[in-house]
Amino acid sequence: MPVVDGAPNPTPLVRTAVARKPRPDPGPLRVALALTGMATASALISAFLAPSAGADAATATAATTITVADAPAPPIRHVVRYVQLKPGETAPPAAVVRQAPAPKPRVVVVTTRQSGK
Amino acid sequence: MAGPAIDHDRRATLPTDEPTDLVSRSVPLMGGHVGVHLSPAGGIAVREADAAAAAATEADAVLRRISAWADRLTRFTTTSELSRLNRDPRGEVPVGPTLAAVLDWGRQAETLSGGIVDVGLLDARLAAEAASTDLGAGATRSVVTTAVTSLASQASRSWWLDRRARGAILHRPVGLRFDLDGIGKGWLADRALDRLGRHPAAVVDCDGDVAIRLDPGMAWSFGVADPRLAGHDLAILHLTGRDGGARRDDGRFGLATSGTSVHRWDRDGSQTHHLIDPRTGRSAETDVVQATVLAGTAREAEALAKSVVILGLAAGYDLLERSGVDGAFLLTDQAEVVVHPATERWLA
C-alpha cells in the first residue's frame with residue numbers, strides 16, 4: 001500500500017485483551033524431522049544398493065551408523081583359507097596343497113591323418 | 001541346439017557319455033572334410049540351447065569363410081586366384097591379401113624346415129604324378145625328371161613378395177608356378193581358429209591338419225590315424241588347456257600328419273608319391289611312412305610333419321629336436337613307431 005505523507009494514520013483495529021498464546025519454537029521439531037528423513041532416506045538407499053542383504057538388515061545397518069557413528073570400528077581379521085595357485089606360483093609356508101582334479105578328457109572328436117588331396 | 005537345417009551334426013555318432021554341449025559341423029572341402037568343433041561359450045543369461053544354436057551358426061559361418069579362402073588358393077579349379085597366378089605370363093604379378101599371406105607363410109615354412117618346404121615345386125609334383133600315369137617309358141620319365149630337378153635347384157626359391165597395404169606384388173622367374181596344397185590347409189585351420197576366440201574350446205580340422213585352442217580346465221582327445229588300418233589309431237593324445245601343461249599362454253596347439261601312404265603310385269617297378277624333395281626334384285626317398293607333429297600352430301605342425309617325412313628318420317628327428325615341438329609320432333617303413341619324448345605328457 002502506498003504511504004502518503006501527512007495523511008492521517010488509519011484507525012487501528014480494536015483487539016481483544018486476550019494475550020496471544022506463544023507458538024512453540026519449530027526449530028527443534030524441524031531438526032528432528034530432518035534427521036528422521038535423512039535416516040529414512042539412508043535406509044532406503046542402503047536397502048536398494050545392498051546386493052544381497054534384506055531391507056531389515058539394511059535399515060539396521062543405517063540406524064547403527066547414525067547412532068554409533070563415533071564408536072570405534074571393531075577389528076576385522078581376514079583369514080585366508082583357500083587360494084588357487086596360478087602356474088608358476090608357490091604355496092605359502094605350511095599351507096596344505098591339494099591338487100585340483102584333472103579335467104576329464106572328452107572322447108576323440110578329431111583324428112589327424114594324411115590329407116585327402 | 002539341433003534343428004532340421006543342421007546337416008552335419010556329428011553328436012549323434014558320439015558315445016552317450018559325451019557332454020551334450022559339443023557342437024560339431026563339417027563339410028566336404030579341399031578333397032576331404034573340414035570340420036569345426038566347439039564347446040559353446042555360455043553365460044548367466046544364456047540358456048544352453050541358445051548357446052549351442054549360436055555356436056552352430058558361428059561354426060557354419062567359419063566353414064563358409066574357409067571355403068571362400070580355399071577357393072582362392074586351390075590349384076584344382078581354373079578360376080582360383082592361384083590358378084590365375086600360375087597362368088599369368090608376367091614375372092611381376094599383383095596378388096590379393098589371402099594369397100599373399102599364404103605365400104608369405106610358405107617363405108617362413110621354408111626357413112623353419114631348413115629349405116625342405118618349397119611352394120615353388122608344382123611342376124615337380126605334376127611330373128611325379130604324370131610319370132605314373134601318362135608317361136610309361138622310362139626314358140621319357142628321365143627327361144621330365146631332369147628338367148624338374150633343374151627347375152627345383154635353380155628357380156623354385158627365386159621369388160619374393162613386395163608387400164602392399166592390401167596384398168603384395170609377387171616377383172618370380174617367368175614360368176614359376178606354385179603349389180599351396182602342402183601348406184594351405186594348416187594355414188587355413190589357424191586362420192579360422194582366430195575367429196572362434198570366445199569359446200572355451202575350439203578345434204578346426206582342415207582334412208587332418210588341426211588347429212586347437214583349449215581354455216584352462218578343458219581337455220579334449222585327438223586320434224593319430226594308423227595308415228595301415230582304416231579306422232584305427234596309432235595313439236590317442238589327451239590335450240589340456242594352459243593350466244594342464246600347455247606351454248603357450250594362449251592354450252593353442254597344432255596337430256598335423258603327413259606321409260607317403262595316401263598319394264602313392266607304383267609304375268614299372270618304381271614308386272612315386274606327392275612329397276617332393278626339393279634337393280632332387282623327385283619324390284622323396286625316405287624311411288618314414290608317416291609323421292604326426294604336435295606344435296604351437298597347425299601350419300607349423302604341417303610343415304614339420306612333411307619335412308620329417310622328406311628328410312627321413314635321422315635328419316627328421318634332428319629337425320624336431322631343433323624346432324622344440326610338443327610331440328611327434330613317426331611310423332617307419334619297418335613298422336616301428338618312434339615317439340618323441342615331449343609326447344609322453346599327452347599320452348593316456
# chains A, B, ... in the order shown; residues from 1 in each chain; ligands from 1

call {"tool": "closest_atom_pairs", "arguments": {"of": "chain B", "to": "chain A", "cutoff": "7 Å", "atoms": "only C-alpha atoms", "output": "Markdown table"}}
result
| residue | atom | partner | partner_atom | distance |
| --- | --- | --- | --- | --- |
| B:Glu18 | CA | A:Val107 | CA | 6.8 |
| B:Gly31 | CA | A:Lys117 | CA | 5.1 |
| B:Gly32 | CA | A:Gly116 | CA | 5.0 |
| B:Asp207 | CA | A:Ser115 | CA | 5.7 |
| B:Gly208 | CA | A:Thr112 | CA | 4.3 |
| B:Asp209 | CA | A:Thr112 | CA | 6.4 |
| B:Val210 | CA | A:Thr112 | CA | 6.9 |
| B:Gly217 | CA | A:Pro103 | CA | 5.7 |
| B:Met218 | CA | A:Pro103 | CA | 6.4 |
| B:Ala219 | CA | A:Pro105 | CA | 4.6 |
| B:Trp220 | CA | A:Arg106 | CA | 4.7 |
| B:Ser221 | CA | A:Val108 | CA | 4.8 |
| B:Phe222 | CA | A:Val108 | CA | 5.1 |
| B:Gly223 | CA | A:Thr111 | CA | 4.3 |
| B:Val224 | CA | A:Thr112 | CA | 5.2 |
| B:Ala225 | CA | A:Arg113 | CA | 5.2 |
| B:His238 | CA | A:Pro105 | CA | 6.4 |
| B:Asp243 | CA | A:Pro87 | CA | 6.7 |
| B:Leu255 | CA | A:Thr112 | CA | 6.8 |
| B:Ala256 | CA | A:Thr112 | CA | 5.9 |
| B:Thr257 | CA | A:Arg113 | CA | 5.2 |
| B:Ser258 | CA | A:Gln114 | CA | 5.0 |
| B:Gly259 | CA | A:Gln114 | CA | 6.1 |
| B:Val262 | CA | A:Gln114 | CA | 6.7 |

call {"tool": "write_last_selection", "arguments": {"atoms": "N, CA and C atoms", "output": "compact mmCIF listing (two decimals), in the first residue's frame"}}
result
# COMPACT_ATOMS: atom_id res chain seq x y z
N GLU B 18 29.25 -88.61 -23.93
CA GLU B 18 29.80 -87.34 -24.42
C GLU B 18 28.94 -86.19 -23.92
N GLY B 31 39.05 -81.64 -51.17
CA GLY B 31 39.35 -83.04 -51.41
C GLY B 31 39.16 -83.93 -50.21
N GLY B 32 38.71 -83.41 -49.12
CA GLY B 32 38.49 -84.20 -47.90
C GLY B 32 37.34 -83.60 -47.12
N ASP B 207 40.93 -81.25 -42.92
CA ASP B 207 41.30 -82.53 -43.51
C ASP B 207 42.56 -83.13 -42.88
N GLY B 208 42.59 -83.13 -41.58
CA GLY B 208 43.70 -83.76 -40.89
C GLY B 208 44.72 -82.80 -40.32
N ASP B 209 44.76 -81.57 -40.81
CA ASP B 209 45.60 -80.53 -40.22
C ASP B 209 44.73 -79.75 -39.24
N VAL B 210 45.06 -79.85 -37.94
CA VAL B 210 44.11 -79.46 -36.91
C VAL B 210 44.66 -78.30 -36.08
N GLY B 217 41.08 -75.86 -17.83
CA GLY B 217 40.01 -76.76 -17.43
C GLY B 217 39.42 -77.58 -18.56
N MET B 218 39.82 -77.25 -19.79
CA MET B 218 39.30 -78.00 -20.93
C MET B 218 40.32 -79.07 -21.32
N ALA B 219 39.83 -80.21 -21.71
CA ALA B 219 40.69 -81.32 -22.13
C ALA B 219 39.97 -82.11 -23.20
N TRP B 220 40.58 -82.20 -24.35
CA TRP B 220 39.99 -82.96 -25.45
C TRP B 220 41.02 -83.98 -25.93
N SER B 221 40.50 -85.04 -26.50
CA SER B 221 41.35 -86.11 -27.01
C SER B 221 41.37 -86.11 -28.53
N PHE B 222 42.52 -86.49 -29.06
CA PHE B 222 42.71 -86.48 -30.52
C PHE B 222 43.39 -87.78 -30.95
N GLY B 223 42.91 -88.33 -32.03
CA GLY B 223 43.48 -89.57 -32.53
C GLY B 223 44.55 -89.31 -33.58
N VAL B 224 45.50 -90.22 -33.65
CA VAL B 224 46.51 -90.22 -34.72
C VAL B 224 46.23 -91.45 -35.58
N ALA B 225 45.79 -91.24 -36.79
CA ALA B 225 45.33 -92.34 -37.63
C ALA B 225 46.49 -93.28 -37.98
N HIS B 238 45.77 -86.78 -25.28
CA HIS B 238 44.84 -86.05 -24.41
C HIS B 238 45.43 -84.66 -24.15
N ASP B 243 46.42 -74.55 -18.11
CA ASP B 243 46.65 -74.92 -16.71
C ASP B 243 47.04 -76.38 -16.60
N LEU B 255 48.12 -79.72 -34.75
CA LEU B 255 48.36 -81.16 -34.90
C LEU B 255 48.21 -81.49 -36.38
N ALA B 256 49.22 -82.12 -36.95
CA ALA B 256 49.14 -82.40 -38.39
C ALA B 256 49.90 -83.68 -38.70
N THR B 257 49.47 -84.31 -39.78
CA THR B 257 50.06 -85.57 -40.21
C THR B 257 50.38 -85.50 -41.68
N SER B 258 51.54 -86.03 -42.03
CA SER B 258 51.93 -86.12 -43.43
C SER B 258 52.52 -87.49 -43.68
N GLY B 259 52.51 -87.92 -44.90
CA GLY B 259 53.05 -89.24 -45.19
C GLY B 259 52.97 -89.59 -46.65
N VAL B 262 48.99 -92.11 -48.76
CA VAL B 262 47.73 -91.80 -49.44
C VAL B 262 47.94 -91.58 -50.93

call {"tool": "residues_around", "arguments": {"residues": "B:Val288", "least_positions_apart": "5", "cutoff": "6 Å", "atoms": "only C-alpha atoms", "output": "tab-separated table (two decimals) with C-alpha atoms, in the first residue's frame"}}
result
chain	number	residue	atom	x	y	z
B	309	VAL	CA	58.88	-87.49	-43.96
B	312	GLY	CA	63.85	-89.41	-43.21
B	313	LEU	CA	64.09	-90.66	-39.65
B	331	LEU	CA	55.89	-94.55	-38.35
B	332	THR	CA	58.81	-96.07	-40.22
B	333	ASP	CA	58.89	-98.43	-43.18

call {"tool": "closest_residue", "arguments": {"among": "B:Leu214, B:Leu188, B:Leu347, B:Ser158", "to": "B:Ile236", "atoms": "only C-alpha atoms"}}
result
B:Leu347

call {"tool": "residues_around", "arguments": {"residues": "A:Gln84", "least_positions_apart": "3", "cutoff": "12 Å", "atoms": "only C-alpha atoms", "output": "number ranges by chain"}}
result
A: 80-81, 87-92, 95-100; B: 243

call {"tool": "write_last_selection", "arguments": {"atoms": "C-alpha atoms", "output": "compact mmCIF listing (two decimals), in the first residue's frame"}}
result
# COMPACT_ATOMS: atom_id res chain seq x y z
CA VAL A 80 42.69 -66.79 4.05
CA ARG A 81 41.59 -70.38 3.93
CA PRO A 87 51.01 -71.59 -12.96
CA GLY A 88 54.40 -70.68 -11.57
CA GLU A 89 53.15 -69.67 -8.11
CA THR A 90 54.20 -71.48 -4.97
CA ALA A 91 52.09 -72.18 -1.92
CA PRO A 92 52.61 -70.19 1.32
CA ALA A 95 49.97 -74.48 3.56
CA VAL A 96 48.26 -77.71 2.65
CA VAL A 97 48.37 -78.11 -1.10
CA ARG A 98 45.67 -80.09 -2.76
CA GLN A 99 45.87 -80.95 -6.43
CA ALA A 100 42.93 -79.81 -8.49
CA ASP B 243 46.65 -74.92 -16.71

call {"tool": "residues_around", "arguments": {"residues": "B:Phe178", "least_positions_apart": "2", "cutoff": "6 Å", "atoms": "only C-alpha atoms", "output": "list in words"}}
result
Val119, Gly120 and Leu122 of chain B

call {"tool": "write_last_selection", "arguments": {"atoms": "C-alpha atoms", "output": "mmCIF file, in the first residue's frame"}}
result
data_model
loop_
_atom_site.group_PDB
_atom_site.id
_atom_site.type_symbol
_atom_site.label_atom_id
_atom_site.label_comp_id
_atom_site.auth_asym_id
_atom_site.auth_seq_id
_atom_site.Cartn_x
_atom_site.Cartn_y
_atom_site.Cartn_z
ATOM 1 C CA VAL B 119 55.939 -73.925 -52.519
ATOM 2 C CA GLY B 120 57.523 -73.451 -55.944
ATOM 3 C CA LEU B 122 54.180 -77.505 -58.595
#

call {"tool": "decode", "arguments": {"residues": "stretch 215-237 of chain B", "atoms": "N, CA and C atoms", "output": "PDB file, in the first residue's frame"}}
result
ATOM      1  N   ASP B 215      40.818 -73.637 -23.316  1.00  0.00           N
ATOM      2  CA  ASP B 215      40.925 -72.799 -22.132  1.00  0.00           C
ATOM      3  C   ASP B 215      41.308 -73.652 -20.928  1.00  0.00           C
ATOM      4  N   PRO B 216      41.733 -73.019 -19.840  1.00  0.00           N
ATOM      5  CA  PRO B 216      42.015 -73.794 -18.619  1.00  0.00           C
ATOM      6  C   PRO B 216      40.801 -74.627 -18.223  1.00  0.00           C
ATOM      7  N   GLY B 217      41.076 -75.865 -17.834  1.00  0.00           N
ATOM      8  CA  GLY B 217      40.007 -76.763 -17.429  1.00  0.00           C
ATOM      9  C   GLY B 217      39.421 -77.577 -18.562  1.00  0.00           C
ATOM     10  N   MET B 218      39.816 -77.251 -19.787  1.00  0.00           N
ATOM     11  CA  MET B 218      39.302 -78.002 -20.933  1.00  0.00           C
ATOM     12  C   MET B 218      40.316 -79.074 -21.315  1.00  0.00           C
ATOM     13  N   ALA B 219      39.829 -80.213 -21.710  1.00  0.00           N
ATOM     14  CA  ALA B 219      40.694 -81.315 -22.128  1.00  0.00           C
ATOM     15  C   ALA B 219      39.966 -82.111 -23.203  1.00  0.00           C
ATOM     16  N   TRP B 220      40.582 -82.201 -24.345  1.00  0.00           N
ATOM     17  CA  TRP B 220      39.992 -82.958 -25.455  1.00  0.00           C
ATOM     18  C   TRP B 220      41.015 -83.980 -25.935  1.00  0.00           C
ATOM     19  N   SER B 221      40.502 -85.036 -26.504  1.00  0.00           N
ATOM     20  CA  SER B 221      41.354 -86.115 -27.011  1.00  0.00           C
ATOM     21  C   SER B 221      41.372 -86.108 -28.533  1.00  0.00           C
ATOM     22  N   PHE B 222      42.520 -86.491 -29.063  1.00  0.00           N
ATOM     23  CA  PHE B 222      42.705 -86.483 -30.518  1.00  0.00           C
ATOM     24  C   PHE B 222      43.392 -87.776 -30.950  1.00  0.00           C
ATOM     25  N   GLY B 223      42.914 -88.334 -32.033  1.00  0.00           N
ATOM     26  CA  GLY B 223      43.484 -89.568 -32.527  1.00  0.00           C
ATOM     27  C   GLY B 223      44.548 -89.309 -33.580  1.00  0.00           C
ATOM     28  N   VAL B 224      45.499 -90.225 -33.653  1.00  0.00           N
ATOM     29  CA  VAL B 224      46.507 -90.224 -34.720  1.00  0.00           C
ATOM     30  C   VAL B 224      46.229 -91.451 -35.575  1.00  0.00           C
ATOM     31  N   ALA B 225      45.786 -91.235 -36.786  1.00  0.00           N
ATOM     32  CA  ALA B 225      45.334 -92.339 -37.625  1.00  0.00           C
ATOM     33  C   ALA B 225      46.485 -93.277 -37.979  1.00  0.00           C
ATOM     34  N   ASP B 226      46.177 -94.562 -37.991  1.00  0.00           N
ATOM     35  CA  ASP B 226      47.131 -95.571 -38.444  1.00  0.00           C
ATOM     36  C   ASP B 226      46.912 -95.770 -39.933  1.00  0.00           C
ATOM     37  N   PRO B 227      47.918 -95.454 -40.753  1.00  0.00           N
ATOM     38  CA  PRO B 227      47.692 -95.551 -42.207  1.00  0.00           C
ATOM     39  C   PRO B 227      47.559 -96.983 -42.699  1.00  0.00           C
ATOM     40  N   ARG B 228      47.916 -97.949 -41.845  1.00  0.00           N
ATOM     41  CA  ARG B 228      47.875 -99.345 -42.297  1.00  0.00           C
ATOM     42  C   ARG B 228      46.509 -99.967 -42.118  1.00  0.00           C
ATOM     43  N   LEU B 229      45.681 -99.365 -41.273  1.00  0.00           N
ATOM     44  CA  LEU B 229      44.402 -99.977 -40.946  1.00  0.00           C
ATOM     45  C   LEU B 229      43.351 -98.882 -40.796  1.00  0.00           C
ATOM     46  N   ALA B 230      42.454 -98.806 -41.733  1.00  0.00           N
ATOM     47  CA  ALA B 230      41.442 -97.746 -41.714  1.00  0.00           C
ATOM     48  C   ALA B 230      40.601 -97.826 -40.443  1.00  0.00           C
ATOM     49  N   GLY B 231      40.371 -96.685 -39.857  1.00  0.00           N
ATOM     50  CA  GLY B 231      39.530 -96.621 -38.669  1.00  0.00           C
ATOM     51  C   GLY B 231      40.267 -96.893 -37.375  1.00  0.00           C
ATOM     52  N   HIS B 232      41.550 -97.196 -37.445  1.00  0.00           N
ATOM     53  CA  HIS B 232      42.333 -97.460 -36.244  1.00  0.00           C
ATOM     54  C   HIS B 232      43.309 -96.313 -35.999  1.00  0.00           C
ATOM     55  N   ASP B 233      43.668 -96.165 -34.727  1.00  0.00           N
ATOM     56  CA  ASP B 233      44.578 -95.094 -34.348  1.00  0.00           C
ATOM     57  C   ASP B 233      45.915 -95.658 -33.888  1.00  0.00           C
ATOM     58  N   LEU B 234      46.982 -94.942 -34.237  1.00  0.00           N
ATOM     59  CA  LEU B 234      48.288 -95.273 -33.669  1.00  0.00           C
ATOM     60  C   LEU B 234      48.339 -94.883 -32.202  1.00  0.00           C
ATOM     61  N   ALA B 235      47.688 -93.805 -31.847  1.00  0.00           N
ATOM     62  CA  ALA B 235      47.734 -93.300 -30.467  1.00  0.00           C
ATOM     63  C   ALA B 235      46.589 -92.321 -30.264  1.00  0.00           C
ATOM     64  N   ILE B 236      46.311 -92.059 -28.989  1.00  0.00           N
ATOM     65  CA  ILE B 236      45.348 -91.038 -28.603  1.00  0.00           C
ATOM     66  C   ILE B 236      46.091 -89.998 -27.762  1.00  0.00           C
ATOM     67  N   LEU B 237      45.974 -88.744 -28.135  1.00  0.00           N
ATOM     68  CA  LEU B 237      46.594 -87.658 -27.373  1.00  0.00           C
ATOM     69  C   LEU B 237      45.527 -86.933 -26.566  1.00  0.00           C
TER      70      LEU B 237
END
